[in-house]
$ cat coords_15.pdb   # PDB, C-alpha atoms
MODEL        1
ATOM      1  CA  MET V   1     134.920  86.205 132.819
ATOM      2  CA  LYS V   2     133.304  89.495 131.814
ATOM      3  CA  SER V   3     133.336  90.810 128.260
ATOM      4  CA  PHE V   4     136.338  92.974 127.471
ATOM      5  CA  ILE V   5     137.958  95.207 124.879
ATOM      6  CA  ILE V   6     141.731  95.366 125.167
ATOM      7  CA  CYS V   7     143.212  98.582 123.777
ATOM      8  CA  ILE V   8     146.980  98.606 123.371
ATOM      9  CA  GLY V   9     149.158 101.691 123.169
ATOM     10  CA  ARG V  10     152.845 101.138 122.529
ATOM     11  CA  GLN V  11     156.202 102.701 121.980
ATOM     12  CA  PHE V  12     157.626 102.236 118.496
ATOM     13  CA  MET V  13     159.383  98.858 118.132
ATOM     14  CA  SER V  14     158.348  97.711 121.616
ATOM     15  CA  GLY V  15     156.485  94.660 120.311
ATOM     16  CA  GLY V  16     153.045  95.983 121.242
ATOM     17  CA  LYS V  17     151.433  94.840 118.010
ATOM     18  CA  ASP V  18     152.895  91.329 118.358
ATOM     19  CA  ILE V  19     151.721  91.136 121.973
ATOM     20  CA  GLY V  20     148.250  92.234 120.867
ATOM     21  CA  LYS V  21     148.133  89.496 118.229
ATOM     22  CA  MET V  22     149.350  86.881 120.714
ATOM     23  CA  LEU V  23     146.672  88.000 123.187
ATOM     24  CA  ALA V  24     143.898  87.825 120.602
ATOM     25  CA  ASP V  25     145.016  84.348 119.514
ATOM     26  CA  LYS V  26     145.243  83.064 123.097
ATOM     27  CA  LEU V  27     141.857  84.524 124.055
ATOM     28  CA  GLY V  28     140.192  83.520 120.760
ATOM     29  CA  VAL V  29     138.953  87.033 119.973
ATOM     30  CA  ASP V  30     139.159  89.438 117.034
ATOM     31  CA  PHE V  31     142.347  91.425 116.484
ATOM     32  CA  TYR V  32     142.459  94.900 114.957
ATOM     33  CA  ASP V  33     145.569  96.788 113.965
ATOM     34  CA  SER V  34     145.873  99.416 111.236
ATOM     35  CA  ALA V  35     145.338  96.846 108.449
ATOM     36  CA  GLN V  36     142.190  95.304 109.947
ATOM     37  CA  LEU V  37     140.776  98.711 110.885
ATOM     38  CA  ARG V  38     141.384  99.893 107.321
ATOM     39  CA  ASP V  39     139.409  96.894 106.062
ATOM     40  CA  ARG V  40     136.560  97.739 108.471
ATOM     41  CA  ALA V  41     136.607 101.312 107.167
ATOM     42  CA  LYS V  42     136.113 100.036 103.615
ATOM     43  CA  GLU V  43     133.231  97.818 104.724
ATOM     44  CA  LEU V  44     131.614 100.846 106.373
ATOM     45  CA  GLY V  45     131.915 102.793 103.109
ATOM     46  CA  ILE V  46     134.480 105.275 104.396
ATOM     47  CA  GLU V  47     136.277 107.062 101.584
ATOM     48  CA  GLU V  48     139.474 105.348 100.444
ATOM     49  CA  GLY V  49     142.531 106.821 102.119
ATOM     50  CA  ILE V  50     140.697 108.992 104.650
ATOM     51  CA  PHE V  51     141.241 106.552 107.506
ATOM     52  CA  ASP V  52     145.007 106.408 106.936
ATOM     53  CA  MET V  53     145.550 110.101 106.269
ATOM     54  CA  PHE V  54     147.341 110.875 109.523
ATOM     55  CA  ASP V  55     148.277 107.333 110.618
ATOM     56  CA  GLU V  56     149.065 108.091 114.275
ATOM     57  CA  LYS V  57     150.943 111.236 113.369
ATOM     58  CA  PRO V  58     150.180 114.564 115.020
ATOM     59  CA  THR V  59     147.453 116.580 113.395
ATOM     60  CA  LYS V  60     148.250 120.211 112.629
ATOM     61  CA  SER V  61     146.352 123.138 113.979
ATOM     62  CA  PHE V  62     144.272 125.179 111.564
ATOM     63  CA  LEU V  63     146.464 128.236 112.290
ATOM     64  CA  PHE V  64     149.627 126.324 111.426
ATOM     65  CA  ASN V  65     148.011 125.063 108.239
ATOM     66  CA  ALA V  66     146.899 128.566 107.291
ATOM     67  CA  ILE V  67     150.488 129.802 107.524
ATOM     68  CA  MET V  68     152.339 126.800 106.076
ATOM     69  CA  ASP V  69     149.879 125.009 103.818
ATOM     70  CA  PRO V  70     148.112 126.641 100.866
ATOM     71  CA  TYR V  71     145.462 123.915 101.068
ATOM     72  CA  SER V  72     144.751 124.628 104.748
ATOM     73  CA  ILE V  73     140.974 124.624 104.472
ATOM     74  CA  ASP V  74     140.996 121.239 102.727
ATOM     75  CA  SER V  75     143.431 119.935 105.358
ATOM     76  CA  ALA V  76     141.244 121.110 108.228
ATOM     77  CA  VAL V  77     138.167 119.504 106.654
ATOM     78  CA  ASN V  78     140.042 116.271 106.025
ATOM     79  CA  GLU V  79     141.347 116.286 109.595
ATOM     80  CA  GLY V  80     137.771 116.252 110.823
ATOM     81  CA  LYS V  81     136.930 113.457 108.413
ATOM     82  CA  VAL V  82     139.873 111.400 109.645
ATOM     83  CA  ILE V  83     138.926 111.786 113.303
ATOM     84  CA  GLU V  84     135.301 110.867 112.628
ATOM     85  CA  ALA V  85     136.289 107.931 110.390
ATOM     86  CA  GLN V  86     138.559 106.478 113.063
ATOM     87  CA  ARG V  87     135.871 106.937 115.713
ATOM     88  CA  ARG V  88     133.269 105.133 113.573
ATOM     89  CA  VAL V  89     135.569 102.228 112.748
ATOM     90  CA  ILE V  90     136.726 101.691 116.338
ATOM     91  CA  LEU V  91     133.185 101.888 117.717
ATOM     92  CA  ASP V  92     132.099  99.370 115.087
ATOM     93  CA  ALA V  93     134.950  96.987 115.980
ATOM     94  CA  ALA V  94     134.155  97.269 119.694
ATOM     95  CA  SER V  95     130.463  96.583 119.055
ATOM     96  CA  LYS V  96     131.253  93.141 117.623
ATOM     97  CA  GLY V  97     132.281  91.714 121.009
ATOM     98  CA  PRO V  98     135.529  90.968 122.857
ATOM     99  CA  CYS V  99     138.559  92.067 120.861
ATOM    100  CA  VAL V 100     142.070  93.501 120.921
ATOM    101  CA  ILE V 101     142.641  96.883 119.251
ATOM    102  CA  VAL V 102     146.154  98.254 118.722
ATOM    103  CA  GLY V 103     146.764 102.012 118.534
ATOM    104  CA  ARG V 104     144.567 104.772 117.066
ATOM    105  CA  ARG V 105     143.593 106.178 120.511
ATOM    106  CA  ALA V 106     141.063 103.358 120.796
ATOM    107  CA  ASP V 107     141.131 103.478 124.594
ATOM    108  CA  LYS V 108     140.111 107.153 124.539
ATOM    109  CA  ILE V 109     137.525 106.769 121.783
ATOM    110  CA  ILE V 110     135.673 104.093 123.759
ATOM    111  CA  GLU V 111     136.812 104.976 127.292
ATOM    112  CA  ASP V 112     133.224 105.252 128.563
ATOM    113  CA  ASP V 113     132.710 101.559 127.782
ATOM    114  CA  GLU V 114     133.171  99.633 131.035
ATOM    115  CA  ARG V 115     134.663  96.719 129.077
ATOM    116  CA  VAL V 116     137.836  98.680 128.178
ATOM    117  CA  ILE V 117     141.157  97.420 129.489
ATOM    118  CA  SER V 118     143.905  99.805 128.418
ATOM    119  CA  ILE V 119     147.445  98.477 128.151
ATOM    120  CA  PHE V 120     150.695 100.300 127.388
ATOM    121  CA  ILE V 121     153.765  98.461 126.127
ATOM    122  CA  GLY V 122     157.163 100.135 126.344
ATOM    123  CA  ALA V 123     160.774  99.010 126.092
ATOM    124  CA  ASP V 124     164.253 100.407 126.623
ATOM    125  CA  ILE V 125     165.409 102.645 123.790
ATOM    126  CA  GLU V 126     168.498 100.481 123.174
ATOM    127  CA  ASP V 127     166.342  97.394 122.645
ATOM    128  CA  ARG V 128     164.011  99.242 120.300
ATOM    129  CA  VAL V 129     166.889 100.683 118.256
ATOM    130  CA  LYS V 130     168.424  97.207 117.985
ATOM    131  CA  LYS V 131     165.119  95.774 116.789
ATOM    132  CA  TYR V 132     164.758  98.540 114.204
ATOM    133  CA  LEU V 133     168.286  97.861 112.920
ATOM    134  CA  GLN V 134     167.272  94.229 112.311
ATOM    135  CA  THR V 135     164.639  95.365 109.819
ATOM    136  CA  GLU V 136     166.156  98.511 108.262
ATOM    137  CA  LYS V 137     169.585  99.298 106.825
ATOM    138  CA  VAL V 138     170.427 102.581 108.536
ATOM    139  CA  THR V 139     173.112 103.745 110.929
ATOM    140  CA  GLU V 140     172.525 103.270 114.654
ATOM    141  CA  ARG V 141     172.379 107.043 115.065
ATOM    142  CA  ASN V 142     169.660 107.372 112.411
ATOM    143  CA  ALA V 143     167.779 104.410 113.850
ATOM    144  CA  ARG V 144     167.668 106.120 117.251
ATOM    145  CA  ARG V 145     166.400 109.333 115.667
ATOM    146  CA  ILE V 146     163.654 107.465 113.815
ATOM    147  CA  VAL V 147     162.542 105.547 116.916
ATOM    148  CA  GLU V 148     162.457 108.738 118.999
ATOM    149  CA  ARG V 149     160.595 110.628 116.260
ATOM    150  CA  LYS V 150     157.967 107.893 115.956
ATOM    151  CA  ASP V 151     157.405 108.043 119.711
ATOM    152  CA  ARG V 152     156.995 111.833 119.555
ATOM    153  CA  GLU V 153     154.482 111.457 116.717
ATOM    154  CA  ARG V 154     152.465 108.847 118.605
ATOM    155  CA  ALA V 155     152.492 110.928 121.781
ATOM    156  CA  SER V 156     151.395 114.061 119.918
ATOM    157  CA  TYR V 157     148.629 112.165 118.115
ATOM    158  CA  TYR V 158     147.368 110.559 121.323
ATOM    159  CA  ASN V 159     147.538 113.764 123.365
ATOM    160  CA  TYR V 160     145.916 115.941 120.673
ATOM    161  CA  PHE V 161     142.561 116.282 122.445
ATOM    162  CA  GLY V 162     144.047 116.735 125.910
ATOM    163  CA  ASP V 163     142.069 113.809 127.343
ATOM    164  CA  GLY V 164     144.991 111.543 128.107
ATOM    165  CA  ALA V 165     148.733 111.283 128.541
ATOM    166  CA  TRP V 166     150.432 108.820 126.197
ATOM    167  CA  GLY V 167     152.781 106.486 128.023
ATOM    168  CA  ARG V 168     151.929 107.656 131.551
ATOM    169  CA  ALA V 169     151.029 104.822 133.906
ATOM    170  CA  ASN V 170     148.002 106.567 135.454
ATOM    171  CA  ASN V 171     146.392 106.688 132.012
ATOM    172  CA  TYR V 172     146.242 102.875 131.646
ATOM    173  CA  THR V 173     144.933  99.771 133.375
ATOM    174  CA  MET V 174     148.354  98.106 133.058
ATOM    175  CA  CYS V 175     151.810  99.017 131.734
ATOM    176  CA  PHE V 176     154.578  96.610 130.763
ATOM    177  CA  SER V 177     158.166  96.765 129.547
ATOM    178  CA  SER V 178     159.036  94.191 126.905
ATOM    179  CA  SER V 179     162.681  94.746 127.898
ATOM    180  CA  LYS V 180     161.987  93.547 131.436
ATOM    181  CA  MET V 181     159.525  90.751 130.638
ATOM    182  CA  SER V 182     159.107  88.387 127.715
ATOM    183  CA  ARG V 183     156.115  88.823 125.443
ATOM    184  CA  GLU V 184     154.795  85.496 126.652
ATOM    185  CA  GLN V 185     154.977  86.653 130.292
ATOM    186  CA  ILE V 186     153.130  89.867 129.442
ATOM    187  CA  VAL V 187     150.399  87.942 127.622
ATOM    188  CA  GLU V 188     150.051  85.530 130.559
ATOM    189  CA  MET V 189     149.688  88.367 133.064
ATOM    190  CA  ILE V 190     147.029  90.124 130.995
ATOM    191  CA  CYS V 191     145.128  86.860 130.476
ATOM    192  CA  HIS V 192     145.243  86.157 134.213
ATOM    193  CA  TYR V 193     143.842  89.634 134.903
ATOM    194  CA  ILE V 194     140.992  89.051 132.432
ATOM    195  CA  GLU V 195     140.185  85.632 133.946
ATOM    196  CA  GLU V 196     139.758  87.294 137.320
ATOM    197  CA  LEU V 197     137.270  89.900 136.078
TER     198      LEU V 197
ENDMDL
END
$ encode --input "coords_15.pdb" --output "structure tokens"
Amino acid sequence: MKSFIICIGRQFMSGGKDIGKMLADKLGVDFYDSAQLRDRAKELGIEEGIFDMFDEKPTKSFLFNAIMDPYSIDSAVNEGKVIEAQRRVILDAASKGPCVIVGRRADKIIEDDERVISIFIGADIEDRVKKYLQTEKVTERNARRIVERKDRERASYYNYFGDGAWGRANNYTMCFSSSKMSREQIVEMICHYIEEL
């Protein structure tokens, strides 16, 4: 088996983070989601809060900031800091050896690394709304709006540099629907693929 870095993109409430954790546990490798990457940022001496400033939300253009935000220059500077901080942390995580990284455009940040296996996890909107309703006390209508908004934010964040298309199959090594397959089946298929490398 060759060395690998699994980068997971996911629709909101599709179970992508859980699948990533299950994969890391099964393969015996490090797992990085927003919490672990934040810890790595601290260890690298990155300013508190910079790494989480946009948190997979779309960044604003400088022109938009100039019109809408009186602190536009600070925002533009911080945007650059955030992008560089995330790049440094993800490169550092990838340098440690085989691992699973969830979100943060990791697959695009390290796409030139031949070890990258990019995975996208999606699910039917009804399933994702139902899952959200199990954790939050909102109406079904509001839950759907929140799920759809989170997806738009993730897509905008991922697509910001124009070097990829969030959620499109040709952008990834493999795509799965957690509505059509169990998490365990998805993990097994990815592990089988890695064993064959």
$ axis_aligned_box --input "coords_15.pdb" --around "segment 186-189 of chain V" --padding-each-side "5 Å" --output "JSON"
{"center_x": 151.4, "center_y": 87.7, "center_z": 130.3, "size_x": 13.4, "size_y": 14.3, "size_z": 15.4}
$ residues_near_point --input "coords_15.pdb" --point "(136.4, 110.0, 126.7)" --cutoff "12 Å" --atoms "all atoms listed in the file" --output "PyMOL selection string"
chain V and resi 87+105-114+116+161-164+171
$ atom_distance --input "coords_15.pdb" --atom1 "atom CA of Asp30 of chain V" --atom2 "atom CA of Ala165 of chain V"
26.5 Å
$ atom_distance --input "coords_15.pdb" --atom1 "atom CA of Arg141 of chain V" --atom2 "atom CA of Gly9 of chain V"
25.2 Å
$ atom_distance --input "coords_15.pdb" --atom1 "atom CA of Val147 of chain V" --atom2 "atom CA of Cys99 of chain V"
27.8 Å
$ closest_residue --input "coords_15.pdb" --among "V:Met189, V:Arg183, V:Asp124, V:Val100" --to "Asp25 of chain V" --atoms "all atoms listed in the file"
V:Val100
$ residues_around --input "coords_15.pdb" --residues "Ser14 of chain V" --least-positions-apart "2" --cutoff "10 Å" --atoms "all atoms listed in the file" --output "short mmCIF file (atom, residue, chain, number, x, y, z; two decimals) with C-alpha atoms, in the coordinates of the input"
data_model
loop_
_atom_site.label_atom_id
_atom_site.label_comp_id
_atom_site.auth_asym_id
_atom_site.auth_seq_id
_atom_site.Cartn_x
_atom_site.Cartn_y
_atom_site.Cartn_z
CA ARG V 10 152.84 101.14 122.53
CA GLN V 11 156.20 102.70 121.98
CA PHE V 12 157.63 102.24 118.50
CA GLY V 16 153.04 95.98 121.24
CA LYS V 17 151.43 94.84 118.01
CA ASP V 18 152.90 91.33 118.36
CA ILE V 19 151.72 91.14 121.97
CA PHE V 120 150.70 100.30 127.39
CA ILE V 121 153.76 98.46 126.13
CA GLY V 122 157.16 100.14 126.34
CA ALA V 123 160.77 99.01 126.09
CA ASP V 124 164.25 100.41 126.62
CA ILE V 125 165.41 102.64 123.79
CA ASP V 127 166.34 97.39 122.64
CA ARG V 128 164.01 99.24 120.30
CA VAL V 129 166.89 100.68 118.26
CA LYS V 131 165.12 95.77 116.79
CA TYR V 132 164.76 98.54 114.20
CA PHE V 176 154.58 96.61 130.76
CA SER V 177 158.17 96.76 129.55
CA SER V 178 159.04 94.19 126.90
CA SER V 179 162.68 94.75 127.90
CA ARG V 183 156.12 88.82 125.44
#
$ resolve_selection --input "coords_15.pdb" --expression "the PyMOL selection byres ((chain V and resi 90) around 12)" --output "NGL selection string"
:V and (5-7 or 31-34 or 36-41 or 44 or 51 or 83-89 or 91-97 or 99-111)
$ closest_residue --input "coords_15.pdb" --among "V:Thr139, V:Glu148, V:Ile8, V:Tyr172" --to "Gly20 of chain V" --atoms "only C-alpha atoms"
V:Ile8
$ closest_residue --input "coords_15.pdb" --among "V:Met13, V:Glu188, V:Lys180, V:Lys2" --to "Lys26 of chain V" --atoms "all atoms listed in the file"
V:Glu188
